[in-house]
Each structure stands twice: as structure tokens, then as C-alpha cells.
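K.L.:
upload03.pdb is reproduced in full below (PDB, C-alpha atoms).
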ATOM      1  CA  MET A  27       3.745  12.209  35.581  1.00  0.00           C
ATOM      2  CA  THR A  28       2.820   8.537  35.778  1.00  0.00           C
ATOM      3  CA  LEU A  29       3.963   6.140  33.057  1.00  0.00           C
ATOM      4  CA  GLN A  30       0.917   3.919  33.464  1.00  0.00           C
ATOM      5  CA  PRO A  31      -0.987   5.303  30.426  1.00  0.00           C
ATOM      6  CA  ILE A  32       2.090   4.767  28.236  1.00  0.00           C
ATOM      7  CA  ARG A  33       2.546   1.231  29.535  1.00  0.00           C
ATOM      8  CA  SER A  34      -1.126   0.525  28.964  1.00  0.00           C
ATOM      9  CA  GLU A  35      -0.921   1.634  25.328  1.00  0.00           C
ATOM     10  CA  TRP A  36       2.303  -0.335  24.878  1.00  0.00           C
ATOM     11  CA  ASP A  37       0.542  -3.446  26.130  1.00  0.00           C
ATOM     12  CA  LEU A  38      -2.288  -2.850  23.635  1.00  0.00           C
ATOM     13  CA  LEU A  39       0.262  -2.752  20.816  1.00  0.00           C
ATOM     14  CA  ARG A  40       1.857  -5.953  22.108  1.00  0.00           C
ATOM     15  CA  LEU A  41      -1.567  -7.583  22.305  1.00  0.00           C
ATOM     16  CA  SER A  42      -2.265  -6.682  18.693  1.00  0.00           C
ATOM     17  CA  LEU A  43       1.131  -8.070  17.667  1.00  0.00           C
ATOM     18  CA  LEU A  44       0.434 -11.255  19.624  1.00  0.00           C
ATOM     19  CA  PHE A  45      -2.857 -11.919  17.855  1.00  0.00           C
ATOM     20  CA  TYR A  46      -2.017 -10.822  14.313  1.00  0.00           C
ATOM     21  CA  THR A  47       1.648 -11.763  13.851  1.00  0.00           C
ATOM     22  CA  ARG A  48       4.112 -14.449  14.856  1.00  0.00           C
ATOM     23  CA  ILE A  49       6.435 -11.873  16.412  1.00  0.00           C
ATOM     24  CA  PRO A  50       7.235 -12.894  20.030  1.00  0.00           C
ATOM     25  CA  VAL A  51       6.105 -10.250  22.520  1.00  0.00           C
ATOM     26  CA  GLY A  52       6.014 -12.202  25.791  1.00  0.00           C
ATOM     27  CA  GLN A  53       2.979 -12.569  28.010  1.00  0.00           C
ATOM     28  CA  VAL A  54       0.274  -9.932  27.748  1.00  0.00           C
ATOM     29  CA  ALA A  55      -2.860  -9.643  29.872  1.00  0.00           C
ATOM     30  CA  TYR A  56      -5.910 -10.440  27.738  1.00  0.00           C
ATOM     31  CA  SER A  57      -9.550  -9.463  27.852  1.00  0.00           C
ATOM     32  CA  GLU A  58     -12.045  -8.926  25.068  1.00  0.00           C
ATOM     33  CA  GLU A  59     -12.299  -5.270  26.038  1.00  0.00           C
ATOM     34  CA  ARG A  60      -8.513  -4.802  25.784  1.00  0.00           C
ATOM     35  CA  MET A  61      -8.491  -6.682  22.508  1.00  0.00           C
ATOM     36  CA  GLY A  62     -11.116  -4.303  21.167  1.00  0.00           C
ATOM     37  CA  ALA A  63      -9.022  -1.324  22.241  1.00  0.00           C
ATOM     38  CA  SER A  64      -5.930  -2.835  20.616  1.00  0.00           C
ATOM     39  CA  PHE A  65      -7.504  -2.432  17.167  1.00  0.00           C
ATOM     40  CA  ARG A  66      -6.223   1.158  17.227  1.00  0.00           C
ATOM     41  CA  TYR A  67      -2.743  -0.274  16.690  1.00  0.00           C
ATOM     42  CA  PHE A  68      -3.691  -2.728  13.946  1.00  0.00           C
ATOM     43  CA  PRO A  69      -2.366  -0.395  11.195  1.00  0.00           C
ATOM     44  CA  LEU A  70       0.813   0.126  13.239  1.00  0.00           C
ATOM     45  CA  VAL A  71       1.223  -3.647  13.338  1.00  0.00           C
ATOM     46  CA  GLY A  72       0.965  -3.420   9.559  1.00  0.00           C
ATOM     47  CA  ALA A  73       3.816  -0.900   9.569  1.00  0.00           C
ATOM     48  CA  ILE A  74       5.988  -3.372  11.467  1.00  0.00           C
ATOM     49  CA  VAL A  75       5.048  -6.251   9.165  1.00  0.00           C
ATOM     50  CA  GLY A  76       5.432  -4.056   6.104  1.00  0.00           C
ATOM     51  CA  GLY A  77       8.795  -2.800   7.322  1.00  0.00           C
ATOM     52  CA  VAL A  78      10.109  -6.353   7.604  1.00  0.00           C
ATOM     53  CA  MET A  79       8.731  -7.174   4.149  1.00  0.00           C
ATOM     54  CA  ALA A  80      10.176  -4.003   2.619  1.00  0.00           C
ATOM     55  CA  GLY A  81      13.555  -4.750   4.168  1.00  0.00           C
ATOM     56  CA  ALA A  82      13.518  -8.254   2.697  1.00  0.00           C
ATOM     57  CA  PHE A  83      12.502  -6.836  -0.683  1.00  0.00           C
ATOM     58  CA  ALA A  84      15.243  -4.187  -0.684  1.00  0.00           C
ATOM     59  CA  LEU A  85      17.928  -6.670   0.311  1.00  0.00           C
ATOM     60  CA  ALA A  86      16.853  -9.257  -2.248  1.00  0.00           C
ATOM     61  CA  ASP A  87      16.389  -6.649  -4.975  1.00  0.00           C
ATOM     62  CA  TYR A  88      20.016  -5.566  -4.573  1.00  0.00           C
ATOM     63  CA  TRP A  89      21.284  -9.021  -5.517  1.00  0.00           C
ATOM     64  CA  LEU A  90      18.453 -10.635  -7.470  1.00  0.00           C
ATOM     65  CA  PRO A  91      15.941  -9.815 -10.243  1.00  0.00           C
ATOM     66  CA  GLN A  92      12.947  -7.858  -8.994  1.00  0.00           C
ATOM     67  CA  PRO A  93      10.402 -10.680  -9.534  1.00  0.00           C
ATOM     68  CA  VAL A  94      12.484 -12.884  -7.228  1.00  0.00           C
ATOM     69  CA  ALA A  95      12.684 -10.076  -4.667  1.00  0.00           C
ATOM     70  CA  ALA A  96       8.902  -9.673  -4.879  1.00  0.00           C
ATOM     71  CA  THR A  97       8.415 -13.396  -4.300  1.00  0.00           C
ATOM     72  CA  ILE A  98      10.722 -13.366  -1.273  1.00  0.00           C
ATOM     73  CA  CYS A  99       8.889 -10.321   0.087  1.00  0.00           C
ATOM     74  CA  VAL A 100       5.511 -12.063  -0.157  1.00  0.00           C
ATOM     75  CA  ILE A 101       6.878 -15.220   1.499  1.00  0.00           C
ATOM     76  CA  VAL A 102       8.363 -13.184   4.355  1.00  0.00           C
ATOM     77  CA  GLY A 103       4.972 -11.525   4.894  1.00  0.00           C
ATOM     78  CA  LEU A 104       3.277 -14.911   5.136  1.00  0.00           C
ATOM     79  CA  VAL A 105       5.841 -16.111   7.661  1.00  0.00           C
ATOM     80  CA  VAL A 106       5.572 -13.005   9.846  1.00  0.00           C
ATOM     81  CA  THR A 107       1.754 -13.027   9.948  1.00  0.00           C
ATOM     82  CA  GLY A 108       1.204 -16.774   9.789  1.00  0.00           C
ATOM     83  CA  GLY A 109      -1.044 -16.237   6.775  1.00  0.00           C
ATOM     84  CA  MET A 110      -3.930 -15.197   9.029  1.00  0.00           C
ATOM     85  CA  HIS A 111      -5.519 -12.757   6.604  1.00  0.00           C
ATOM     86  CA  GLU A 112      -4.979 -15.074   3.666  1.00  0.00           C
ATOM     87  CA  ASP A 113      -6.770 -17.813   5.570  1.00  0.00           C
ATOM     88  CA  GLY A 114      -9.688 -15.434   6.018  1.00  0.00           C
ATOM     89  CA  LEU A 115      -9.750 -14.656   2.307  1.00  0.00           C
ATOM     90  CA  ALA A 116      -9.793 -18.368   1.440  1.00  0.00           C
ATOM     91  CA  ASP A 117     -12.708 -19.032   3.801  1.00  0.00           C
ATOM     92  CA  TYR A 118     -14.524 -15.984   2.448  1.00  0.00           C
ATOM     93  CA  CYS A 119     -14.131 -17.210  -1.143  1.00  0.00           C
ATOM     94  CA  ASP A 120     -15.432 -20.660  -0.206  1.00  0.00           C
ATOM     95  CA  ALA A 121     -18.418 -19.281   1.695  1.00  0.00           C
ATOM     96  CA  PHE A 122     -19.429 -16.488  -0.676  1.00  0.00           C
ATOM     97  CA  GLY A 123     -18.361 -18.169  -3.909  1.00  0.00           C
ATOM     98  CA  GLY A 124     -21.532 -20.229  -4.056  1.00  0.00           C
ATOM     99  CA  VAL A 125     -25.190 -19.554  -3.350  1.00  0.00           C
ATOM    100  CA  HIS A 126     -25.806 -20.369   0.316  1.00  0.00           C
ATOM    101  CA  ASP A 127     -28.151 -19.223   3.041  1.00  0.00           C
ATOM    102  CA  ARG A 128     -26.894 -17.550   6.213  1.00  0.00           C
ATOM    103  CA  GLU A 129     -26.391 -20.731   8.216  1.00  0.00           C
ATOM    104  CA  ALA A 130     -24.548 -22.536   5.417  1.00  0.00           C
ATOM    105  CA  THR A 131     -22.316 -19.532   4.776  1.00  0.00           C
ATOM    106  CA  LEU A 132     -21.324 -19.263   8.437  1.00  0.00           C
ATOM    107  CA  ARG A 133     -20.751 -23.010   8.642  1.00  0.00           C
ATOM    108  CA  ILE A 134     -18.446 -22.993   5.616  1.00  0.00           C
ATOM    109  CA  MET A 135     -16.379 -20.148   7.047  1.00  0.00           C
ATOM    110  CA  LYS A 136     -16.015 -22.045  10.299  1.00  0.00           C
ATOM    111  CA  ASP A 137     -14.886 -25.217   8.494  1.00  0.00           C
ATOM    112  CA  SER A 138     -11.091 -25.607   8.667  1.00  0.00           C
ATOM    113  CA  SER A 139     -10.875 -27.272   5.259  1.00  0.00           C
ATOM    114  CA  THR A 140     -10.345 -25.231   2.080  1.00  0.00           C
ATOM    115  CA  GLY A 141     -12.431 -25.744  -1.044  1.00  0.00           C
ATOM    116  CA  VAL A 142     -11.881 -24.945  -4.703  1.00  0.00           C
ATOM    117  CA  TYR A 143     -12.983 -21.319  -4.424  1.00  0.00           C
ATOM    118  CA  GLY A 144     -10.648 -20.772  -1.498  1.00  0.00           C
ATOM    119  CA  ILE A 145      -7.665 -22.328  -3.283  1.00  0.00           C
ATOM    120  CA  LEU A 146      -8.338 -20.292  -6.411  1.00  0.00           C
ATOM    121  CA  GLY A 147      -8.669 -17.131  -4.337  1.00  0.00           C
ATOM    122  CA  LEU A 148      -5.292 -17.733  -2.678  1.00  0.00           C
ATOM    123  CA  ILE A 149      -3.600 -18.476  -6.002  1.00  0.00           C
ATOM    124  CA  VAL A 150      -4.958 -15.277  -7.559  1.00  0.00           C
ATOM    125  CA  LEU A 151      -4.021 -13.243  -4.467  1.00  0.00           C
ATOM    126  CA  LEU A 152      -0.431 -14.447  -4.217  1.00  0.00           C
ATOM    127  CA  ILE A 153       0.285 -14.286  -7.945  1.00  0.00           C
ATOM    128  CA  SER A 154      -1.232 -10.796  -8.117  1.00  0.00           C
ATOM    129  CA  ARG A 155       0.926  -9.576  -5.234  1.00  0.00           C
ATOM    130  CA  ILE A 156       4.089 -10.878  -6.871  1.00  0.00           C
ATOM    131  CA  ILE A 157       3.237  -9.483 -10.304  1.00  0.00           C
ATOM    132  CA  LEU A 158       2.316  -6.040  -8.985  1.00  0.00           C
ATOM    133  CA  LEU A 159       5.464  -5.767  -6.854  1.00  0.00           C
ATOM    134  CA  SER A 160       7.523  -6.976  -9.807  1.00  0.00           C
ATOM    135  CA  TYR A 161       6.407  -4.095 -12.026  1.00  0.00           C
ATOM    136  CA  ILE A 162       6.315  -1.229  -9.527  1.00  0.00           C
ATOM    137  CA  PRO A 163       9.780   0.424  -9.721  1.00  0.00           C
ATOM    138  CA  SER A 164      11.962  -0.606  -6.782  1.00  0.00           C
ATOM    139  CA  ARG A 165      12.318   2.929  -5.438  1.00  0.00           C
ATOM    140  CA  VAL A 166       8.523   3.176  -5.190  1.00  0.00           C
ATOM    141  CA  ALA A 167       7.843  -0.446  -4.228  1.00  0.00           C
ATOM    142  CA  ILE A 168       9.667  -0.217  -0.892  1.00  0.00           C
ATOM    143  CA  GLY A 169       7.351   2.513   0.376  1.00  0.00           C
ATOM    144  CA  ALA A 170       4.332   0.910  -1.275  1.00  0.00           C
ATOM    145  CA  ILE A 171       4.917  -2.372   0.558  1.00  0.00           C
ATOM    146  CA  VAL A 172       4.720  -0.594   3.913  1.00  0.00           C
ATOM    147  CA  ALA A 173       1.734   1.527   2.855  1.00  0.00           C
ATOM    148  CA  MET A 174      -0.109  -1.570   1.614  1.00  0.00           C
ATOM    149  CA  ALA A 175       0.291  -3.289   4.966  1.00  0.00           C
ATOM    150  CA  VAL A 176      -0.789  -0.216   6.951  1.00  0.00           C
ATOM    151  CA  VAL A 177      -3.681   1.273   4.962  1.00  0.00           C
ATOM    152  CA  ALA A 178      -5.238  -2.120   4.159  1.00  0.00           C
ATOM    153  CA  ARG A 179      -5.373  -2.868   7.893  1.00  0.00           C
ATOM    154  CA  TRP A 180      -7.421   0.289   8.458  1.00  0.00           C
ATOM    155  CA  MET A 181     -10.211  -1.039   6.249  1.00  0.00           C
ATOM    156  CA  PRO A 182     -11.380  -3.818   8.647  1.00  0.00           C
ATOM    157  CA  ILE A 183     -11.558  -1.214  11.411  1.00  0.00           C
ATOM    158  CA  LEU A 184     -13.923   0.828   9.249  1.00  0.00           C
ATOM    159  CA  VAL A 185     -16.129  -2.246   8.785  1.00  0.00           C
ATOM    160  CA  MET A 186     -16.188  -2.961  12.519  1.00  0.00           C
ATOM    161  CA  ARG A 187     -17.100   0.645  13.200  1.00  0.00           C
ATOM    162  CA  ILE A 188     -20.128   0.837  10.904  1.00  0.00           C
ATOM    163  CA  SER A 189     -21.326  -2.787  10.800  1.00  0.00           C
ATOM    164  CA  THR A 190     -21.993  -5.536  13.347  1.00  0.00           C
ATOM    165  CA  TYR A 191     -20.547  -8.955  14.100  1.00  0.00           C
ATOM    166  CA  ALA A 192     -22.577 -11.560  12.237  1.00  0.00           C
ATOM    167  CA  ARG A 193     -22.518 -14.431  14.711  1.00  0.00           C
ATOM    168  CA  LYS A 194     -25.051 -14.145  17.498  1.00  0.00           C
ATOM    169  CA  SER A 195     -24.008 -14.358  21.136  1.00  0.00           C
ATOM    170  CA  ASN A 196     -25.335 -17.925  21.375  1.00  0.00           C
ATOM    171  CA  GLU A 197     -23.446 -19.060  18.249  1.00  0.00           C
ATOM    172  CA  ALA A 198     -19.982 -20.580  18.594  1.00  0.00           C
ATOM    173  CA  SER A 199     -17.135 -18.337  17.487  1.00  0.00           C
ATOM    174  CA  LYS A 200     -13.342 -18.357  17.723  1.00  0.00           C
ATOM    175  CA  ALA A 201     -13.201 -14.576  17.419  1.00  0.00           C
ATOM    176  CA  THR A 202     -15.614 -13.260  20.015  1.00  0.00           C
ATOM    177  CA  HIS A 203     -13.360 -10.225  20.548  1.00  0.00           C
ATOM    178  CA  LEU A 204     -14.614  -8.970  17.178  1.00  0.00           C
ATOM    179  CA  ARG A 205     -17.933  -8.232  18.864  1.00  0.00           C
ATOM    180  CA  GLN A 206     -16.247  -5.351  20.658  1.00  0.00           C
ATOM    181  CA  ALA A 207     -17.344  -1.974  19.323  1.00  0.00           C
ATOM    182  CA  VAL A 208     -14.718   0.218  17.691  1.00  0.00           C
ATOM    183  CA  THR A 209     -14.767   3.496  19.598  1.00  0.00           C
ATOM    184  CA  THR A 210     -14.253   6.908  18.054  1.00  0.00           C
ATOM    185  CA  LYS A 211     -10.863   7.135  19.786  1.00  0.00           C
ATOM    186  CA  THR A 212      -9.755   3.811  18.325  1.00  0.00           C
ATOM    187  CA  LEU A 213     -10.907   4.801  14.835  1.00  0.00           C
ATOM    188  CA  LEU A 214      -9.115   8.167  15.006  1.00  0.00           C
ATOM    189  CA  ILE A 215      -5.833   6.693  16.251  1.00  0.00           C
ATOM    190  CA  ALA A 216      -5.946   3.995  13.581  1.00  0.00           C
ATOM    191  CA  SER A 217      -6.673   6.670  10.971  1.00  0.00           C
ATOM    192  CA  VAL A 218      -3.547   8.580  11.953  1.00  0.00           C
ATOM    193  CA  TRP A 219      -1.334   5.572  11.207  1.00  0.00           C
ATOM    194  CA  ALA A 220      -3.060   5.056   7.848  1.00  0.00           C
ATOM    195  CA  LEU A 221      -2.745   8.708   6.842  1.00  0.00           C
ATOM    196  CA  LEU A 222       0.947   8.789   7.739  1.00  0.00           C
ATOM    197  CA  ALA A 223       1.552   5.676   5.640  1.00  0.00           C
ATOM    198  CA  LEU A 224       0.089   7.387   2.571  1.00  0.00           C
ATOM    199  CA  PHE A 225       3.098   9.744   2.563  1.00  0.00           C
ATOM    200  CA  LEU A 226       5.206   6.752   1.505  1.00  0.00           C
ATOM    201  CA  LEU A 227       3.414   6.695  -1.860  1.00  0.00           C
ATOM    202  CA  PRO A 228       3.631   8.989  -4.884  1.00  0.00           C
ATOM    203  CA  TRP A 229       1.248  11.831  -4.144  1.00  0.00           C
ATOM    204  CA  GLN A 230      -1.154  10.838  -6.925  1.00  0.00           C
ATOM    205  CA  ALA A 231      -1.483   7.319  -5.507  1.00  0.00           C
ATOM    206  CA  ALA A 232      -1.854   8.677  -1.979  1.00  0.00           C
ATOM    207  CA  VAL A 233      -4.798  10.803  -3.093  1.00  0.00           C
ATOM    208  CA  VAL A 234      -6.506   8.277  -5.357  1.00  0.00           C
ATOM    209  CA  ALA A 235      -5.909   4.862  -3.720  1.00  0.00           C
ATOM    210  CA  PRO A 236      -8.065   5.331  -0.580  1.00  0.00           C
ATOM    211  CA  LEU A 237     -11.166   5.963  -2.714  1.00  0.00           C
ATOM    212  CA  PRO A 238     -11.380   2.578  -4.495  1.00  0.00           C
ATOM    213  CA  MET A 239     -10.153   0.859  -1.330  1.00  0.00           C
ATOM    214  CA  ILE A 240     -13.021   2.297   0.705  1.00  0.00           C
ATOM    215  CA  ALA A 241     -15.528   1.650  -2.091  1.00  0.00           C
ATOM    216  CA  GLN A 242     -14.368  -1.960  -2.351  1.00  0.00           C
ATOM    217  CA  THR A 243     -14.562  -2.385   1.419  1.00  0.00           C
ATOM    218  CA  LEU A 244     -18.092  -0.992   1.558  1.00  0.00           C
ATOM    219  CA  LEU A 245     -19.151  -3.305  -1.266  1.00  0.00           C
ATOM    220  CA  ILE A 246     -17.793  -6.373   0.530  1.00  0.00           C
ATOM    221  CA  MET A 247     -19.487  -5.200   3.731  1.00  0.00           C
ATOM    222  CA  ARG A 248     -22.796  -4.709   1.921  1.00  0.00           C
ATOM    223  CA  ILE A 249     -22.647  -8.211   0.433  1.00  0.00           C
ATOM    224  CA  SER A 250     -21.754  -9.664   3.823  1.00  0.00           C
ATOM    225  CA  ASN A 251     -24.499  -7.729   5.587  1.00  0.00           C
ATOM    226  CA  LYS A 252     -27.060  -8.960   3.081  1.00  0.00           C
ATOM    227  CA  ARG A 253     -25.946 -12.595   3.244  1.00  0.00           C
ATOM    228  CA  ILE A 254     -25.121 -13.134   6.936  1.00  0.00           C
ATOM    229  CA  GLY A 255     -26.203  -9.951   8.700  1.00  0.00           C
ATOM    230  CA  GLY A 256     -22.754  -8.508   9.396  1.00  0.00           C
ATOM    231  CA  TYR A 257     -19.068  -9.352   9.280  1.00  0.00           C
ATOM    232  CA  THR A 258     -16.868 -12.162  10.580  1.00  0.00           C
ATOM    233  CA  GLY A 259     -13.122 -12.486  10.994  1.00  0.00           C
ATOM    234  CA  ASP A 260     -12.936 -14.104   7.565  1.00  0.00           C
ATOM    235  CA  VAL A 261     -14.752 -11.182   5.969  1.00  0.00           C
ATOM    236  CA  LEU A 262     -12.274  -8.805   7.594  1.00  0.00           C
ATOM    237  CA  GLY A 263      -9.373 -10.915   6.317  1.00  0.00           C
ATOM    238  CA  ALA A 264     -10.747 -10.658   2.788  1.00  0.00           C
ATOM    239  CA  VAL A 265     -11.137  -6.896   3.167  1.00  0.00           C
ATOM    240  CA  GLU A 266      -7.499  -6.573   4.221  1.00  0.00           C
ATOM    241  CA  CYS A 267      -6.075  -8.771   1.452  1.00  0.00           C
ATOM    242  CA  LEU A 268      -8.086  -7.144  -1.325  1.00  0.00           C
ATOM    243  CA  GLY A 269      -7.256  -3.709   0.041  1.00  0.00           C
ATOM    244  CA  GLU A 270      -3.550  -4.445  -0.369  1.00  0.00           C
ATOM    245  CA  LEU A 271      -4.050  -5.454  -3.996  1.00  0.00           C
ATOM    246  CA  THR A 272      -6.080  -2.344  -4.792  1.00  0.00           C
ATOM    247  CA  LEU A 273      -3.466  -0.009  -3.322  1.00  0.00           C
ATOM    248  CA  ALA A 274      -0.678  -1.773  -5.223  1.00  0.00           C
ATOM    249  CA  LEU A 275      -2.652  -1.656  -8.476  1.00  0.00           C
ATOM    250  CA  VAL A 276      -3.393   2.052  -8.146  1.00  0.00           C
ATOM    251  CA  THR A 277       0.278   2.742  -7.381  1.00  0.00           C
ATOM    252  CA  LEU A 278       1.342   0.807 -10.472  1.00  0.00           C
ATOM    253  CA  ILE A 279      -1.138   2.689 -12.674  1.00  0.00           C
ATOM    254  CA  VAL A 280       0.049   6.039 -11.316  1.00  0.00           C
ATOM    255  CA  VAL A 281       3.718   5.221 -11.882  1.00  0.00           C
ATOM    256  CA  TYR A 282       3.155   4.081 -15.454  1.00  0.00           C
ATOM    257  CA  GLN A 283       0.986   7.086 -16.285  1.00  0.00           C
ATOM    258  CA  ALA A 284       3.553   9.526 -14.911  1.00  0.00           C
TER     259      ALA A 284
END
What is this file in C-alpha cells?

P.N.:
Amino acid sequence: MTLQPIRSEWDLLRLSLLFYTRIPVGQVAYSEERMGASFRYFPLVGAIVGGVMAGAFALADYWLPQPVAATICVIVGLVVTGGMHEDGLADYCDAFGGVHDREATLRIMKDSSTGVYGILGLIVLLISRIILLSYIPSRVAIGAIVAMAVVARWMPILVMRISTYARKSNEASKATHLRQAVTTKTLLIASVWALLALFLLPWQAAVVAPLPMIAQTLLIMRISNKRIGGYTGDVLGAVECLGELTLALVTLIVVYQA
């Protein structure tokens, strides 16, 4: 039996790690087609990121108050990912926070500067993460941190599967690989990682959380489709960040109602 298929899949995972984290993986052959196929491992990348964050949380929580551990956990996540998704959320808030036409919205998202809406969005996001992780009991929070990172990364794949990339082929883009269609195989493999991650949550949260997460994702997609005719990398970043918050909030509600 040849090992080539295994090596090929391993390289797809490394490619996903290369693009969406700061974890060194060495040189990996790149093409837009391979990048599109690597989306199947995006939730698994979340498991790796979430595992590092959960480890930092558990270690800090042993010695320090839980709010401090939650803060350290969030900082570690930003370091490991380079704040890529948070950057997308900030651009999304700037672009969709005001009333703009399609061209203006796309231009704002492409602008490297951050406006008031973007800054406010980041502040709310980071404070919300810390508060939620501060109140979820430690024994539950460790699994929830990993589940947040995995399941929330499945949501952008859903958007890419059922929507289209907003920027036209003749429009400049730094994320042309997002034009690649998400195949059924990629969606199914990504779904497996997300479903496995749900087992890290209390069963009530595992059952309930995906519903508002999907509803929220579809709402963001609908707004984006109406405004710019599809999604961009920034829209996907917003979907991921808000998905994490929703899962954490549902987990907190379930724990306190138990």
C-alpha cells in the first residue's frame, strides 16, 4: 500500500496550519486548488489551536484566579493565530457598520486601517471571551475552549459551500483561494471534526449550540449576500469569531441552568 495519499492529506493539514496559524510547519507546496482542499482540516487546525489555549488555561487556572487564566488563554489564542480571524471581524464591523454600497463596502474591508466600528467590535469580542470563560466552571471550560475553536471553524466552510466569493475575478483580492469551491468530501471531513468536538461539551450544550450558531451564520451570510453579493475572507472571520462566542454563551447558560 502506497503512503502517498496519507502524505498528501498530511500536506493539506500543514498547508492549513501555515495559512491560519503561526505554527511553523516548514515548506509546503501551494496551489489554490490544494488550498481549497485544505479547508477540510480547518476545524482540525482549530483543535490544535484550542488544545494549546486549553492547556494554557488549565495551567494558569491551577495557580491563578480563573479570570486571569481566561485572559491568558485568550492572549495565547491571539499569539498562535496571529489574530487573523479577529482582523476579519474588525474589517467586517467597519464595512457593515455603516450604510455603504457594494463597492464602498469591499473597499473598506480591503483597507488595512481600522475604524471606530472595528475597534469597538474587537473590544466587545475580547471582553466577551474573557467574561464567558471566567464564569464557565473550569472543568467544563477546558473542553469548551477546544470545542469553540473547532466548531466555529466549521461555520465558514458552510458559508463557502452554499454561497459564492463576492469579489469578481477581475477585482483585486488577497484571498483568491477562497474562490475555490468546497466539495462534498471536504464538507463531510470537516463535519466529522466538528461533531467529534461537540463531545467535549455537556450534552445539552452539544445538542443546542449548533442551532443558534448555524442560524447566526446564515444570517450573516444573508446580509453579506444582499450587500456585496457573497462572502469575503473578512466575512468568514466574523462568522468564526461570533460562532465562538455563541457556543461559549450556550455552554454557560446550560451549566447555570443545570

K.L.:
Can you list, as a PyMOL selection string, every protein, DNA or RNA residue that comes within 12 Å of range 230-245 of chain A when you count only C-alpha atoms, leaving out same-chain residues fewer than 6 positions away?

P.N.:
chain A and resi 166+169-170+173-174+176-189+217+220-224+251-252+256-257+261-284

K.L.:
So the first atom is CA of Glu35 in chain A and the second is CA of Met79 in chain A; what is the distance between them in Å, to one decimal place?

P.N.:
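Spanning CA of Glu35 in chain A to CA of Met79 in chain A is a straight-line distance of 24.9 Å.
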
K.L.:
Go through the shown structure with the PyMOL selection byres ((chain A and resi 141-143) around 12) and write out the matching residues as a ChimeraX atom specification.

P.N.:
/A:113,115-124,134-135,137-140,144-150

K.L.:
Record the distance separating CA of Thr97 in chain A and CA of Gly76 in chain A, expressed in Å with one decimal.

P.N.:
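Rounded to one decimal, the two atoms are 14.3 Å apart.
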
K.L.:
In Å to one decimal, how far is CA of Arg33 in chain A from CA of Val54 in chain A?

P.N.:
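A separation of 11.5 Å between them.
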
K.L.:
Compare A:Ser164, A:Thr258, A:Ser42, A:Thr47 by their minimum atom-to-atom distance to Gly108 in chain A, counting all atoms listed in the file, and give me the closest one.

P.N.:
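With all atoms listed in the file as the atom set, the closest residue is A:Thr47.
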
K.L.:
Go through A:Ile171, A:Val125, A:Ser34, A:Gln206 one by one, measure the shortest atom-to-atom distance of each to Val102 in chain A using all atoms listed in the file, and give the residue with the smallest value.

P.N.:
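Closest to Val102 in chain A, using all atoms listed in the file: A:Ile171.
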
K.L.:
Output the residue selection produced by the PyMOL selection byres ((chain A and resi 85) around 12) on the file above, formatted as a PDB file with C-alpha atoms, keeping the file's coordinate frame.

P.N.:
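As a result, result-v4.pdb now contains:
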ATOM      1  CA  VAL A  78      10.109  -6.353   7.604  1.00  0.00           C
ATOM      2  CA  MET A  79       8.731  -7.174   4.149  1.00  0.00           C
ATOM      3  CA  ALA A  80      10.176  -4.003   2.619  1.00  0.00           C
ATOM      4  CA  GLY A  81      13.555  -4.750   4.168  1.00  0.00           C
ATOM      5  CA  ALA A  82      13.518  -8.254   2.697  1.00  0.00           C
ATOM      6  CA  PHE A  83      12.502  -6.836  -0.683  1.00  0.00           C
ATOM      7  CA  ALA A  84      15.243  -4.187  -0.684  1.00  0.00           C
ATOM      8  CA  ALA A  86      16.853  -9.257  -2.248  1.00  0.00           C
ATOM      9  CA  ASP A  87      16.389  -6.649  -4.975  1.00  0.00           C
ATOM     10  CA  TYR A  88      20.016  -5.566  -4.573  1.00  0.00           C
ATOM     11  CA  TRP A  89      21.284  -9.021  -5.517  1.00  0.00           C
ATOM     12  CA  LEU A  90      18.453 -10.635  -7.470  1.00  0.00           C
ATOM     13  CA  PRO A  91      15.941  -9.815 -10.243  1.00  0.00           C
ATOM     14  CA  GLN A  92      12.947  -7.858  -8.994  1.00  0.00           C
ATOM     15  CA  VAL A  94      12.484 -12.884  -7.228  1.00  0.00           C
ATOM     16  CA  ALA A  95      12.684 -10.076  -4.667  1.00  0.00           C
ATOM     17  CA  ALA A  96       8.902  -9.673  -4.879  1.00  0.00           C
ATOM     18  CA  ILE A  98      10.722 -13.366  -1.273  1.00  0.00           C
ATOM     19  CA  CYS A  99       8.889 -10.321   0.087  1.00  0.00           C
ATOM     20  CA  SER A 164      11.962  -0.606  -6.782  1.00  0.00           C
ATOM     21  CA  ILE A 168       9.667  -0.217  -0.892  1.00  0.00           C
TER      22      ILE A 168
END

K.L.:
Compare A:Val208, A:Pro163, A:Pro50, A:Lys194 by their minimum atom-to-atom distance to Pro228 in chain A, counting all atoms listed in the file, and give me the closest one.

P.N.:
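When distances to Pro228 in chain A are compared using all atoms listed in the file, the smallest one comes from A:Pro163.
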